[in-house]
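Asker: query.txt is reproduced in full below (compact mmCIF, C-alpha atoms).
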# COMPACT_ATOMS: atom_id res chain seq x y z
CA MET A 17 49.08 -95.65 -12.90
CA VAL A 18 51.40 -93.80 -10.56
CA SER A 19 48.94 -93.98 -7.70
CA ALA A 20 48.60 -97.72 -8.23
CA VAL A 21 52.35 -98.10 -7.93
CA ILE A 22 52.37 -95.96 -4.77
CA ASP A 23 49.53 -98.01 -3.29
CA LYS A 24 51.36 -101.19 -4.14
CA ALA A 25 54.54 -99.91 -2.52
CA ARG A 26 52.60 -98.82 0.53
CA SER A 27 50.85 -102.13 0.91
CA ALA A 28 54.18 -103.88 0.46
CA THR A 29 55.58 -101.94 3.43
CA PHE A 30 52.45 -102.70 5.37
CA ASP A 31 52.75 -106.40 4.61
CA GLU A 32 56.42 -106.40 5.51
CA ASP A 33 55.67 -105.06 8.97
CA LEU A 34 52.84 -107.51 9.41
CA VAL A 35 55.11 -110.37 8.44
CA LEU A 36 57.61 -109.26 11.05
CA VAL A 37 54.85 -109.01 13.62
CA GLU A 38 53.53 -112.45 12.79
CA ARG A 39 57.01 -113.92 12.93
CA PHE A 40 57.61 -112.40 16.34
CA LEU A 41 54.24 -113.59 17.66
CA GLY A 42 55.20 -117.01 16.32
CA GLY A 43 58.28 -117.04 18.55
CA ASP A 44 60.94 -115.52 16.30
CA THR A 45 62.63 -112.94 18.50
CA ARG A 46 64.91 -111.82 15.69
CA ALA A 47 61.87 -110.43 13.93
CA PHE A 48 61.47 -107.98 16.79
CA GLU A 49 65.08 -106.90 16.41
CA ASP A 50 64.28 -106.05 12.80
CA ILE A 51 61.27 -104.01 13.91
CA TYR A 52 63.39 -102.30 16.52
CA SER A 53 66.21 -101.32 14.16
CA LYS A 54 63.75 -100.25 11.47
CA TYR A 55 61.76 -97.87 13.66
CA TYR A 56 64.26 -96.85 16.31
CA GLU A 57 65.12 -93.50 14.72
CA LYS A 58 61.52 -92.49 14.13
CA VAL A 59 60.45 -93.43 17.63
CA PHE A 60 63.51 -91.67 19.06
CA ALA A 61 62.66 -88.52 17.08
CA ILE A 62 59.10 -88.54 18.37
CA ALA A 63 60.25 -89.02 21.94
CA ARG A 64 62.95 -86.37 21.65
CA GLY A 65 60.53 -83.87 20.14
CA ILE A 66 58.02 -84.38 22.91
CA LEU A 67 60.44 -84.73 25.82
CA MET A 68 62.92 -82.11 24.56
CA ASP A 69 65.79 -84.08 26.00
CA ALA A 70 67.91 -86.67 24.20
CA ASP A 71 68.75 -88.71 27.29
CA GLU A 72 65.16 -88.88 28.42
CA ALA A 73 64.14 -89.71 24.87
CA ALA A 74 66.63 -92.59 24.69
CA ASP A 75 65.23 -93.90 27.95
CA ALA A 76 61.66 -93.49 26.74
CA VAL A 77 62.41 -95.37 23.53
CA GLN A 78 63.49 -98.39 25.53
CA GLU A 79 60.25 -98.15 27.53
CA ILE A 80 58.21 -97.85 24.34
CA PHE A 81 59.78 -100.86 22.68
CA THR A 82 59.45 -102.83 25.89
CA LEU A 83 55.72 -102.08 25.82
CA VAL A 84 55.52 -103.14 22.20
CA TYR A 85 57.57 -106.26 22.90
CA ARG A 86 55.27 -107.34 25.72
CA HIS A 87 51.96 -106.32 24.18
CA LEU A 88 52.38 -106.80 20.45
CA GLY A 89 49.61 -109.39 20.68
CA ARG A 90 47.17 -106.51 21.33
CA PHE A 91 47.88 -105.02 17.90
CA ASP A 92 44.59 -105.65 16.10
CA LYS A 93 46.03 -105.14 12.57
CA ARG A 94 43.23 -102.76 11.64
CA SER A 95 45.77 -99.99 11.12
CA ARG A 96 49.33 -100.07 9.90
CA PHE A 97 51.83 -101.34 12.41
CA SER A 98 53.82 -98.09 12.19
CA THR A 99 50.72 -96.09 13.12
CA TRP A 100 50.11 -98.30 16.13
CA LEU A 101 53.77 -97.99 17.13
CA PHE A 102 53.71 -94.19 16.78
CA ARG A 103 50.59 -94.07 18.88
CA VAL A 104 52.31 -95.99 21.65
CA ALA A 105 55.34 -93.71 21.28
CA VAL A 106 53.29 -90.50 21.41
CA ASN A 107 51.22 -91.59 24.38
CA ARG A 108 54.17 -92.87 26.35
CA SER A 109 56.26 -89.76 25.60
CA ILE A 110 53.43 -87.38 26.55
CA GLN A 111 52.91 -89.37 29.73
CA GLU A 112 56.60 -89.13 30.54
CA ALA A 113 56.71 -85.42 29.65
CA ARG A 114 53.80 -84.66 31.98
CA ARG A 115 55.45 -86.66 34.73
CA THR A 116 58.68 -84.72 34.41
CA ARG A 117 57.09 -81.34 33.68
CA TYR A 118 57.40 -80.17 37.24
CA ARG A 119 60.81 -81.64 37.73
CA SER A 120 63.25 -78.79 38.03
CA ARG A 121 65.31 -78.48 34.93
CA THR A 122 68.54 -76.67 35.53
CA VAL A 123 70.07 -77.68 32.26
CA GLU A 124 69.70 -75.01 29.65
CA LEU A 125 68.02 -76.01 26.44
CA THR A 126 71.03 -75.07 24.41
CA GLU A 127 73.17 -77.32 26.57
CA ALA A 128 70.65 -80.11 26.17
CA ALA A 129 70.70 -79.61 22.42
CA GLY A 130 74.51 -79.70 22.50
CA LYS A 131 74.42 -83.01 24.31
CA THR A 132 72.41 -84.63 21.55
CA ALA A 133 75.07 -84.11 18.93
CA PRO A 134 78.41 -83.41 20.45
CA GLU A 135 80.37 -84.71 17.47
CA GLU A 136 78.76 -82.50 14.84
CA PRO A 137 77.80 -78.81 14.78
CA ASP A 138 74.28 -78.20 15.98
CA THR A 139 72.18 -76.78 13.19
CA THR A 140 69.04 -76.58 15.28
CA ASP A 141 67.59 -73.10 15.61
CA PRO A 142 67.75 -72.32 19.35
CA MET A 143 64.63 -70.19 18.94
CA VAL A 144 62.76 -73.24 17.75
CA GLN A 145 64.04 -75.28 20.68
CA ALA A 146 63.06 -72.56 23.14
CA THR A 147 59.63 -72.23 21.60
CA MET A 148 59.04 -75.98 21.55
CA SER A 149 59.99 -76.25 25.18
CA LYS A 150 57.24 -73.78 26.11
CA LEU A 151 54.54 -75.75 24.33
CA ALA A 152 52.40 -78.44 25.92
CA PRO A 153 53.60 -82.01 25.25
CA ALA A 154 50.46 -82.74 23.21
CA ASP A 155 51.15 -79.74 20.96
CA ARG A 156 54.76 -80.80 20.56
CA ALA A 157 53.58 -84.27 19.58
CA LEU A 158 51.46 -82.87 16.75
CA LEU A 159 54.23 -80.67 15.41
CA VAL A 160 56.72 -83.51 15.61
CA LEU A 161 54.46 -85.90 13.74
CA PHE A 162 53.69 -83.33 11.05
CA TYR A 163 56.99 -81.50 10.55
CA TRP A 164 59.53 -84.08 11.66
CA GLU A 165 57.94 -87.35 10.69
CA GLU A 166 55.97 -85.75 7.86
CA LEU A 167 52.98 -87.94 8.50
CA SER A 168 49.72 -87.31 6.70
CA LEU A 169 46.76 -85.91 8.59
CA GLN A 170 45.17 -89.37 8.47
CA ASP A 171 48.25 -90.96 10.02
CA ILE A 172 48.47 -88.22 12.62
CA ALA A 173 44.81 -88.76 13.45
CA ASP A 174 45.43 -92.48 13.87
CA SER A 175 48.54 -91.85 15.92
CA ILE A 176 46.85 -89.56 18.42
CA GLY A 177 43.54 -91.40 18.38
CA CYS A 178 41.11 -88.90 16.84
CA GLY A 179 39.43 -88.07 13.54
CA VAL A 180 41.11 -86.33 10.64
CA ASN A 181 39.23 -83.08 11.13
CA ALA A 182 40.07 -83.02 14.83
CA ALA A 183 43.71 -83.70 14.02
CA LYS A 184 43.68 -80.85 11.51
CA THR A 185 42.15 -78.46 14.05
CA ARG A 186 44.56 -79.52 16.77
CA LEU A 187 47.51 -79.16 14.44
CA TYR A 188 46.36 -75.69 13.40
CA ARG A 189 46.04 -74.62 17.03
CA ALA A 190 49.40 -76.11 17.97
CA ARG A 191 51.02 -74.29 15.07
CA GLU A 192 49.37 -71.03 16.08
CA ARG A 193 50.58 -71.41 19.64
CA PHE A 194 54.03 -72.14 18.30
CA ARG A 195 53.92 -69.04 16.10
CA VAL A 196 52.79 -66.77 18.94
CA ILE A 197 55.56 -67.98 21.25
CA TYR A 198 58.12 -67.88 18.44
CA GLU A 199 57.20 -64.28 17.62
CA GLY A 200 57.35 -63.39 21.30
CA ASN A 201 60.87 -64.74 21.49
CA THR A 202 62.15 -62.80 18.51
CA MET B 7 51.27 -60.16 13.14
CA LYS B 8 48.82 -58.18 11.07
CA HIS B 9 45.27 -59.41 10.83
CA VAL B 10 45.19 -61.82 7.90
CA ALA B 11 42.11 -63.25 6.26
CA PRO B 12 41.71 -66.96 7.12
CA GLU B 13 42.10 -68.13 3.53
CA LEU B 14 45.29 -66.10 3.09
CA ASP B 15 46.56 -67.35 6.44
CA SER B 16 45.97 -70.93 5.35
CA LEU B 17 47.56 -70.26 1.97
CA MET B 18 50.66 -68.76 3.59
CA TRP B 19 51.11 -71.84 5.78
CA THR B 20 50.74 -74.09 2.75
CA LEU B 21 53.32 -72.07 0.81
CA ALA B 22 55.69 -72.07 3.76
CA GLU B 23 55.36 -75.81 4.17
CA GLU B 24 55.63 -76.71 0.49
CA GLY B 25 58.45 -74.26 -0.27
CA ASN B 26 57.50 -73.78 -3.93
CA GLU B 27 59.59 -70.72 -4.82
CA ARG B 28 57.56 -69.77 -7.86
CA ALA B 29 54.34 -69.85 -5.90
CA ILE B 30 55.99 -67.85 -3.11
CA ASP B 31 57.10 -65.18 -5.58
CA GLU B 32 53.63 -64.95 -7.10
CA PHE B 33 52.09 -64.58 -3.65
CA GLY B 34 54.61 -61.83 -2.83
CA GLN B 35 53.68 -59.93 -5.99
CA ARG B 36 49.97 -60.19 -5.33
CA HIS B 37 50.19 -59.43 -1.61
CA PRO B 38 53.27 -57.32 -1.03
CA ALA B 39 52.05 -56.36 2.44
CA LEU B 40 52.16 -60.02 3.49
CA ARG B 41 55.51 -60.81 1.92
CA GLY B 42 57.37 -60.26 5.18
CA GLU B 43 54.94 -62.44 7.10
CA LEU B 44 55.31 -65.22 4.54
CA ILE B 45 59.11 -65.11 4.75
CA TYR B 46 58.86 -65.20 8.52
CA ARG B 47 56.69 -68.33 8.35
CA ILE B 48 59.02 -69.99 5.87
CA LYS B 49 61.85 -69.44 8.35
CA MET B 50 59.71 -70.82 11.16
CA VAL B 51 58.78 -73.96 9.24
CA LYS B 52 62.39 -74.53 8.16
CA GLY B 53 63.50 -74.16 11.76
CA LEU B 54 60.85 -76.63 12.89
CA ARG B 55 61.86 -79.18 10.28
CA SER B 56 65.57 -78.83 10.89
CA ALA B 57 65.00 -79.41 14.60
CA GLY B 58 63.77 -82.87 13.72
CA LYS B 59 66.86 -84.00 11.88
CA PRO B 60 68.41 -87.20 13.23
CA THR B 61 71.10 -86.58 15.80
CA ALA B 62 74.28 -88.46 16.57
CA VAL B 63 72.62 -90.13 19.54
CA ALA B 64 69.88 -91.47 17.31
CA ALA B 65 72.39 -92.67 14.76
CA VAL B 66 73.87 -95.14 17.23
CA ILE B 67 71.13 -97.64 17.92
CA PRO B 68 71.58 -99.23 21.33
CA LYS B 69 70.86 -102.90 21.82
CA PHE B 70 67.31 -103.55 22.91
CA THR B 71 66.72 -105.41 26.13
CA PRO B 72 63.13 -105.63 27.37
CA ARG B 73 62.77 -103.92 30.71
CA GLU B 74 61.04 -105.35 33.71
CA SER B 75 59.22 -102.09 34.30
CA GLY B 76 57.35 -102.30 31.02
CA SER B 77 54.50 -104.35 32.42
CA HIS B 78 54.18 -102.00 35.36
CA VAL B 79 53.70 -99.09 33.01
CA VAL B 80 50.90 -100.86 31.20
CA HIS B 81 49.13 -101.74 34.39
CA SER B 82 49.75 -98.39 36.03
CA ARG B 83 46.38 -97.02 34.99
CA ALA B 84 44.47 -100.02 36.35
CA THR B 85 46.55 -99.89 39.51
CA ASN B 86 45.87 -96.21 39.92
CA ILE B 87 42.13 -96.75 39.50
CA THR B 88 42.16 -99.56 42.06
CA VAL B 89 44.16 -97.55 44.56
CA GLY B 90 41.92 -94.53 44.00
CA ALA B 91 38.80 -96.62 44.58
CA LEU B 92 40.25 -98.04 47.80
CA VAL B 93 41.18 -94.58 49.06
CA PHE B 94 37.71 -93.27 48.23
CA ALA B 95 36.07 -96.21 50.01
CA SER B 96 38.27 -95.64 53.07
CA ILE B 97 37.35 -91.95 53.20
CA ALA B 98 33.66 -92.78 52.83
CA ALA B 99 33.85 -95.38 55.63
CA ALA B 100 35.70 -92.96 57.91
CA ALA B 101 33.14 -90.23 57.24
CA PHE B 102 30.32 -92.67 58.02
CA VAL B 103 31.91 -93.73 61.31
CA ILE B 104 32.58 -90.14 62.36
CA THR B 105 29.06 -88.95 61.60
CA THR B 106 27.52 -92.00 63.25
CA PHE B 107 29.39 -91.86 66.54
CA LEU B 108 30.04 -88.17 66.97
CA THR B 109 26.63 -86.74 66.06
CA PRO B 110 24.46 -86.26 69.21
CA GLU B 111 21.35 -88.40 69.37
CA LYS B 112 18.24 -86.64 68.15
CA ARG B 113 15.89 -85.95 71.04
CA PHE B 114 12.32 -84.87 70.83
CA HIS B 115 11.09 -82.18 73.14
CA LYS B 116 7.68 -80.92 73.96
CA GLU B 117 8.44 -77.82 71.92
CA ASP B 118 8.94 -79.99 68.80
CA LEU B 119 5.47 -81.48 69.04
CA PRO B 120 2.48 -79.88 67.34
CA LYS B 121 0.53 -77.57 69.54
CA PRO B 122 -2.98 -78.68 70.55
CA PRO B 123 -5.85 -76.96 68.77
CA PRO B 124 -7.04 -73.81 70.48
CA VAL B 125 -10.12 -74.05 72.65
CA ALA B 126 -13.13 -72.48 71.07
CA SER B 127 -13.52 -69.21 72.99
CA ASN B 128 -17.01 -68.44 71.78
CA ALA B 129 -18.40 -71.82 72.72
CA ALA B 130 -20.99 -71.78 75.45
CA PRO B 131 -19.61 -72.93 78.80
CA ILE B 132 -20.69 -76.42 79.65
CA ARG B 133 -22.29 -76.78 83.03
CA VAL B 134 -21.53 -79.98 84.74
CA PRO B 135 -22.37 -81.13 88.27
CA GLU B 136 -19.64 -81.01 90.87
CA PRO B 137 -17.97 -84.35 91.31
CA LYS B 138 -18.74 -86.26 94.44
CA GLY B 139 -16.30 -89.07 93.91
CA PRO B 140 -12.51 -89.13 94.06
CA VAL B 141 -10.60 -86.22 92.53
CA VAL B 142 -8.17 -86.87 89.75
CA ASN B 143 -4.63 -85.65 90.28
CA LEU B 144 -4.00 -82.68 88.00
CA ALA B 145 -0.29 -82.49 88.65
CA PRO B 146 2.00 -81.05 85.95
CA ILE B 147 3.02 -83.35 83.17
CA LYS B 148 6.08 -85.37 83.96
CA GLU B 149 8.63 -85.95 81.25
CA PRO B 150 8.59 -89.65 80.43
CA ASP B 151 11.74 -91.69 80.50
CA PRO B 152 13.07 -91.55 76.91
CA VAL B 153 14.09 -95.19 77.10
CA LEU B 154 10.50 -96.21 77.73
CA LYS B 155 9.02 -93.88 75.14
CA GLY B 156 8.55 -96.56 72.53
CA ASN B 157 6.78 -98.97 74.86
CA GLN B 158 4.59 -96.28 76.35
CA SER B 159 3.59 -94.93 72.99
CA GLU B 160 2.44 -98.44 72.11
CA ALA B 161 0.45 -98.62 75.32
CA SER B 162 -1.98 -95.93 74.17
CA GLN B 163 -2.79 -98.08 71.17
CA ARG B 164 -3.06 -101.37 73.08
CA PRO B 165 -6.67 -102.64 73.14
CA THR B 166 -8.18 -102.97 76.60
CA SER B 167 -11.65 -103.21 78.11
CA VAL B 168 -13.16 -100.76 80.61
CA SER B 169 -16.61 -101.01 82.17
CA ILE B 170 -17.61 -98.50 84.87
CA ASP B 171 -21.07 -97.49 85.98
CA HIS B 172 -22.09 -94.17 87.46
CA ALA B 173 -18.71 -92.59 88.15
CA PRO B 174 -17.35 -89.05 87.62
CA LEU B 175 -15.59 -88.53 84.28
CA LEU B 176 -12.23 -87.63 85.85
CA THR B 177 -12.36 -90.78 87.95
CA VAL B 178 -13.16 -92.80 84.86
CA LEU B 179 -10.16 -91.25 83.07
CA GLN B 180 -7.89 -92.12 85.99
CA MET B 181 -9.11 -95.72 85.97
CA MET B 182 -8.70 -95.94 82.22
CA SER B 183 -5.16 -94.69 82.68
CA GLU B 184 -4.39 -97.43 85.18
CA ILE B 185 -6.05 -100.19 83.17
CA SER B 186 -4.51 -99.28 79.81
CA GLY B 187 -1.10 -98.34 81.16
CA THR B 188 -1.34 -94.97 79.44
CA GLN B 189 -0.72 -91.74 81.30
CA ILE B 190 -3.86 -89.64 80.85
CA THR B 191 -3.46 -86.04 81.95
CA SER B 192 -6.46 -83.78 82.25
CA ALA B 193 -6.07 -80.07 81.58
CA PRO B 194 -7.69 -77.56 83.97
CA GLY B 195 -11.31 -76.79 83.20
CA MET B 196 -12.27 -80.29 82.26
CA PRO B 197 -15.93 -81.17 82.73
CA ASN B 198 -16.61 -83.87 85.29
CA PRO B 199 -20.09 -85.29 84.77
CA VAL B 200 -21.17 -88.67 86.09
CA VAL B 201 -20.89 -91.18 83.28
CA ASP B 202 -21.30 -94.85 82.50
CA VAL B 203 -18.74 -96.46 80.16
CA ASP B 204 -18.53 -99.90 78.70
CA TYR B 205 -15.72 -100.37 76.16
CA HIS B 206 -14.33 -103.66 74.94
CA ASN B 207 -11.13 -104.29 73.01
CA MET B 208 -10.48 -100.64 72.32
CA SER B 209 -7.35 -98.58 72.74
CA ALA B 210 -7.30 -95.79 75.31
CA MET B 211 -7.15 -93.22 72.52
CA GLU B 212 -10.25 -94.63 70.85
CA MET B 213 -12.14 -94.67 74.14
CA LEU B 214 -11.16 -91.09 74.86
CA ARG B 215 -12.14 -89.92 71.39
CA ASP B 216 -15.54 -91.46 71.87
CA LEU B 217 -15.96 -90.02 75.32
CA GLY B 218 -14.72 -86.64 74.14
CA LYS B 219 -17.46 -86.40 71.56
CA ARG B 220 -20.03 -86.73 74.30
CA TYR B 221 -18.47 -84.78 77.11
CA ALA B 222 -16.78 -81.95 75.22
CA PHE B 223 -13.09 -82.66 75.46
CA THR B 224 -10.34 -83.53 73.05
CA PRO B 225 -7.71 -86.20 73.65
CA LEU B 226 -4.27 -85.42 72.23
CA ASP B 227 -1.83 -88.29 71.83
CA GLN B 228 1.58 -86.98 72.86
CA HIS B 229 3.33 -89.94 71.19
CA ASP B 230 5.37 -90.49 74.30
CA GLY B 231 2.99 -92.84 76.04
CA SER B 232 0.77 -90.10 77.43
CA ILE B 233 -2.50 -88.55 76.36
CA LEU B 234 -3.39 -84.97 77.14
CA VAL B 235 -7.10 -84.33 77.57
CA VAL B 236 -8.19 -80.73 77.07
CA PRO B 237 -11.71 -79.32 77.32
CA ALA B 238 -12.74 -78.50 73.79
CA VAL B 239 -15.59 -78.94 71.44
CA ASP B 240 -15.15 -81.45 68.69
CA HIS B 241 -17.29 -80.02 65.89
CA SER B 242 -17.33 -83.29 64.07
CA GLY B 243 -19.44 -84.96 66.79
CA PRO B 244 -22.54 -84.02 68.77
CA VAL B 245 -22.09 -82.13 72.03
CA ASN B 246 -24.43 -83.46 74.63
CA GLY B 247 -23.07 -83.24 78.10
CA SER B 248 -26.28 -84.21 79.83
CA THR B 249 -26.91 -87.35 77.83
CA ASP B 250 -26.51 -90.58 79.65
CA ALA B 251 -23.97 -92.13 77.36
CA GLY B 252 -23.90 -95.51 78.99
CA SER B 253 -26.80 -97.00 77.11
CA VAL B 254 -25.67 -95.44 73.83
CA MET B 255 -22.22 -96.81 74.40
CA ASN B 256 -23.53 -100.27 75.01
CA GLN B 257 -25.52 -100.13 71.81
CA LYS B 258 -22.66 -98.82 69.67
CA ILE B 259 -19.78 -100.78 70.99
CA GLY B 260 -21.56 -103.81 72.25
CA GLY B 261 -19.13 -106.32 73.54
Will you turn the file into structure tokens for me?

Answerer:
Amino acid sequence: MVSAVIDKARSATFDEDLVLVERFLGGDTRAFEDIYSKYYEKVFAIARGILMDADEAADAVQEIFTLVYRHLGRFDKRSRFSTWLFRVAVNRSIQEARRTRYRSRTVELTEAAGKTAPEEPDTTDPMVQATMSKLAPADRALLVLFYWEELSLQDIADSIGCGVNAAKTRLYRARERFRVIYEGNT
Amino acid sequence: MKHVAPELDSLMWTLAEEGNERAIDEFGQRHPALRGELIYRIKMVKGLRSAGKPTAVAAVIPKFTPRESGSHVVHSRATNITVGALVFASIAAAAFVITTFLTPEKRFHKEDLPKPPPVASNAAPIRVPEPKGPVVNLAPIKEPDPVLKGNQSEASQRPTSVSIDHAPLLTVLQMMSEISGTQITSAPGMPNPVVDVDYHNMSAMEMLRDLGKRYAFTPLDQHDGSILVVPAVDHSGPVNGSTDAGSVMNQKIGG
């Protein structure tokens, strides 16, 4: 009974996104604004977790939604829209992170973290930030999707374009790498 | 970290991620040695999750304006592949040009050619009468002009007709050389019996092979328009230096 209700709620969300997509493809640009405001925070979180910089993440989010805006017609509707959007976000953020990996970063991570929330006290563990910054962008993406976005393994697999078992293995390895670096920092 | 069994390791991650306090306490009672490790992981997971909390920047949603660069990003992979293919093609073309024009032309030398078969040392010396006619020039082999090599090499295969009666072998070879346009060089020690030849529509090499079977010499095509004739016994054919080959030749080759 409960699972039926959950499934119904899930399919309702799925349908709502599809309706927005169809409206936008039909020429209703306001539908895209709804998509944008609905998923901005999630996409920003993914980008920030992978890029480790709020300014770069804000820039990447605009790039990601521009891609979606221009190529929403390529969405084949076989998966949920959110999964497709997260996939675009992950790929674009990893691409951007790799591009800027060798760029000299003089800004300290703590300073970068301070920039993200200047109005409120930063509750982020600096050890976590330091550890995340030492991980590969692909590992950061997995941890972000699992711990920040709390996606299921199936959704993570869809978002990074692999099977569930592969996603589980990659997540385990990413978490182990995180643990080793975290322990080394303490 | 201490070595932990895989199932316990997995269980500790699950407990750390789910945060069920009762289950955590039970695990601590059953595995007191791993209690510290479990607490450490709980702290790690909490830190990871708290790092993902929405920030003030995210709370203010900027207005979306599609960027012009978006399409470039999508096509960047295709562009990169195209550019890469063009660069590769350019490098391949440059390498081809360099190797074609800078590599010295391959030249063939006498040393590259196969050596003639050794003369049978135990063969009985062939006695032949001293020639009374003209003497063939036995000058050293001249290197042919490399430009004319192709044409000269064809000359030894060009069919010609030679008919000479009662003339020394070396004279016959010289005349065959002039008629066929092939340089025929006789090695020292060649027999020089008086022979009759009558060949029609045969190449110089074929004529010499036939003559060689009867007068104990071997023609060697040098593939540069010249034929070297060395005294040797061809075991595949009869050796009969005293036979008058003219009549046999007429019968075999006819006209």

Asker: Considering all atoms listed in the file, return as a list in words whatever protein or nucleic-acid residues lie within 10 Å of segment 52-57 of chain A, sequence-local ones (same chain, fewer than 4 positions apart) excluded.

Answerer: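 Selected residues are Asp33, Arg46, Ala47, Phe48, Ala61, Ile62, Ala63, Ala74, Val77, Gln78, Phe81, Val84, Tyr85, Ser98, Leu101 and Phe102 of chain A; Pro60, Thr61, Val63, Ala64, Ala65, Val66, Ile67, Pro68, Lys69 and Phe70 of chain B.
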
Asker: So which residues touch Ile66 of chain A within 12 Å, counting all atoms listed in the file, skipping near sequence neighbours fewer than 5 positions away, as a ChimeraX atom specification?

Answerer: /A:59-61,72-73,76-77,105-114,116-117,145,148-161,164 /B:57-58

Asker: Could you check which of A:Leu67, A:Ile176, A:Ala183, A:Val196 is closest to chain B, using only C-alpha atoms?

Answerer: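 Result for the nearest residue to chain B: A:Val196.
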
Asker: Atom CA of Pro38 of chain B to atom CA of Tyr188 of chain A: how many Å, to one decimal?

Answerer: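 Interatomic distance here is 24.4 Å.
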
Asker: Please define a box with edges along x, y and z of the file around all atoms of segment 53-62 of chain A given in the file, extend it by 6 Å on each side, and return its centre and edge lengths in Å to one decimal, as AutoDock Vina command-line options.

Answerer:
--center_x 62.7 --center_y -94.9 --center_z 15.3 --size_x 19.1 --size_y 24.8 --size_z 19.6

Asker: Between A:Asp92, A:Val104, A:Ala173, A:Glu192, which is the closest to Glu79 of chain A once you count all atoms listed in the file?

Answerer: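 The shortest atom-to-atom distance to Glu79 of chain A comes from A:Val104.
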
Asker: Please report the interatomic distance between atom CA of Arg39 of chain A and atom CA of Lys58 of chain A in Å with one decimal.

Answerer: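 Spanning atom CA of Arg39 of chain A to atom CA of Lys58 of chain A is a straight-line distance of 21.9 Å.
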
Asker: Figure out the distance between atom CA of Ala238 of chain B and atom CA of Ala222 of chain B, please, to one decimal in Å.

Answerer: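 Taking atom CA of Ala222 of chain B and atom CA of Ala238 of chain B, their separation equals 5.5 Å.
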
Asker: Which one is closest to chain B: A:Glu38, A:Asp44, A:Asp69, A:Asp174? Count only C-alpha atoms.

Answerer: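 Checking each of A:Glu38, A:Asp44, A:Asp69, A:Asp174 against chain B, counting only C-alpha atoms, the winner is A:Asp69.
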
Asker: Select all residues near (-6.9, -87.3, 75.0) (cut-off 9 Å, inclusive, file coordinates), counting only C-alpha atoms, and output them as a count of residues only.

Answerer: 19

Asker: For Phe33 of chain B, work out the shell of residues within 12 Å, counting all atoms listed in the file and skipping chain neighbours fewer than 3 positions away, then give it as an mmCIF file with C-alpha atoms, keeping the file's coordinate frame.

Answerer:
data_model
loop_
_atom_site.group_PDB
_atom_site.id
_atom_site.type_symbol
_atom_site.label_atom_id
_atom_site.label_comp_id
_atom_site.auth_asym_id
_atom_site.auth_seq_id
_atom_site.Cartn_x
_atom_site.Cartn_y
_atom_site.Cartn_z
ATOM 1 C CA LEU B 14 45.290 -66.100 3.090
ATOM 2 C CA ASP B 15 46.560 -67.350 6.440
ATOM 3 C CA LEU B 17 47.560 -70.260 1.970
ATOM 4 C CA MET B 18 50.660 -68.760 3.590
ATOM 5 C CA TRP B 19 51.110 -71.840 5.780
ATOM 6 C CA THR B 20 50.740 -74.090 2.750
ATOM 7 C CA LEU B 21 53.320 -72.070 0.810
ATOM 8 C CA ALA B 22 55.690 -72.070 3.760
ATOM 9 C CA ASN B 26 57.500 -73.780 -3.930
ATOM 10 C CA GLU B 27 59.590 -70.720 -4.820
ATOM 11 C CA ARG B 28 57.560 -69.770 -7.860
ATOM 12 C CA ALA B 29 54.340 -69.850 -5.900
ATOM 13 C CA ILE B 30 55.990 -67.850 -3.110
ATOM 14 C CA ARG B 36 49.970 -60.190 -5.330
ATOM 15 C CA HIS B 37 50.190 -59.430 -1.610
ATOM 16 C CA PRO B 38 53.270 -57.320 -1.030
ATOM 17 C CA ALA B 39 52.050 -56.360 2.440
ATOM 18 C CA LEU B 40 52.160 -60.020 3.490
ATOM 19 C CA ARG B 41 55.510 -60.810 1.920
ATOM 20 C CA GLY B 42 57.370 -60.260 5.180
ATOM 21 C CA GLU B 43 54.940 -62.440 7.100
ATOM 22 C CA LEU B 44 55.310 -65.220 4.540
ATOM 23 C CA ILE B 45 59.110 -65.110 4.750
#

Asker: Here is a test: counting all atoms listed in the file, which residue of A:Thr185, A:Pro142, A:Thr82, A:Asp50 is nearest to chain B?

Answerer: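 Of A:Thr185, A:Pro142, A:Thr82, A:Asp50, the one nearest chain B, counting all atoms listed in the file, is A:Thr82.
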
Asker: Can you tell me which residues surround Ile185 of chain B at a distance of at most 8 Å, considering all atoms listed in the file, apart from same-chain residues fewer than 4 positions away, and format the answer as an NGL selection string?

Answerer: :B and (166 or 168 or 181)

Asker: Restricting the calculation to all atoms listed in the file: of B:Pro12, B:Gly34, B:Gly53, B:Gly231, which residue gets closest to chain A?

Answerer: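 Under the stated criterion, the closest residue is B:Gly53.
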
Asker: Under the rule that all atoms listed in the file are counted, which of A:Ile172, A:Arg103, A:Ile51, A:Arg96 is the nearest residue to chain B?

Answerer: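 For chain B, the nearest of the candidates is A:Ile51.
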
Asker: Show me the residues around (-22.9, -91.2, 84.8) - criterion: an atom at most 6 Å away, all atoms listed in the file counted - as an MDAnalysis selection string.

Answerer: chainID B and resid 172:173 200:202

Asker: Could I get segment 80-92 of chain A from the block written out with C-alpha atoms, as an mmCIF file, in the first residue's frame?

Answerer:
data_model
loop_
_atom_site.group_PDB
_atom_site.id
_atom_site.type_symbol
_atom_site.label_atom_id
_atom_site.label_comp_id
_atom_site.auth_asym_id
_atom_site.auth_seq_id
_atom_site.Cartn_x
_atom_site.Cartn_y
_atom_site.Cartn_z
ATOM 1 C CA ILE A 80 24.667 23.374 -17.891
ATOM 2 C CA PHE A 81 21.249 24.973 -18.219
ATOM 3 C CA THR A 82 22.284 26.538 -21.498
ATOM 4 C CA LEU A 83 23.116 23.051 -22.767
ATOM 5 C CA VAL A 84 19.782 21.753 -21.550
ATOM 6 C CA TYR A 85 17.964 24.746 -23.040
ATOM 7 C CA ARG A 86 19.516 24.182 -26.459
ATOM 8 C CA HIS A 87 19.417 20.402 -26.524
ATOM 9 C CA LEU A 88 16.337 19.425 -24.555
ATOM 10 C CA GLY A 89 15.025 17.878 -27.765
ATOM 11 C CA ARG A 90 17.698 15.170 -27.384
ATOM 12 C CA PHE A 91 16.145 13.977 -24.120
ATOM 13 C CA ASP A 92 14.736 10.592 -25.126
#
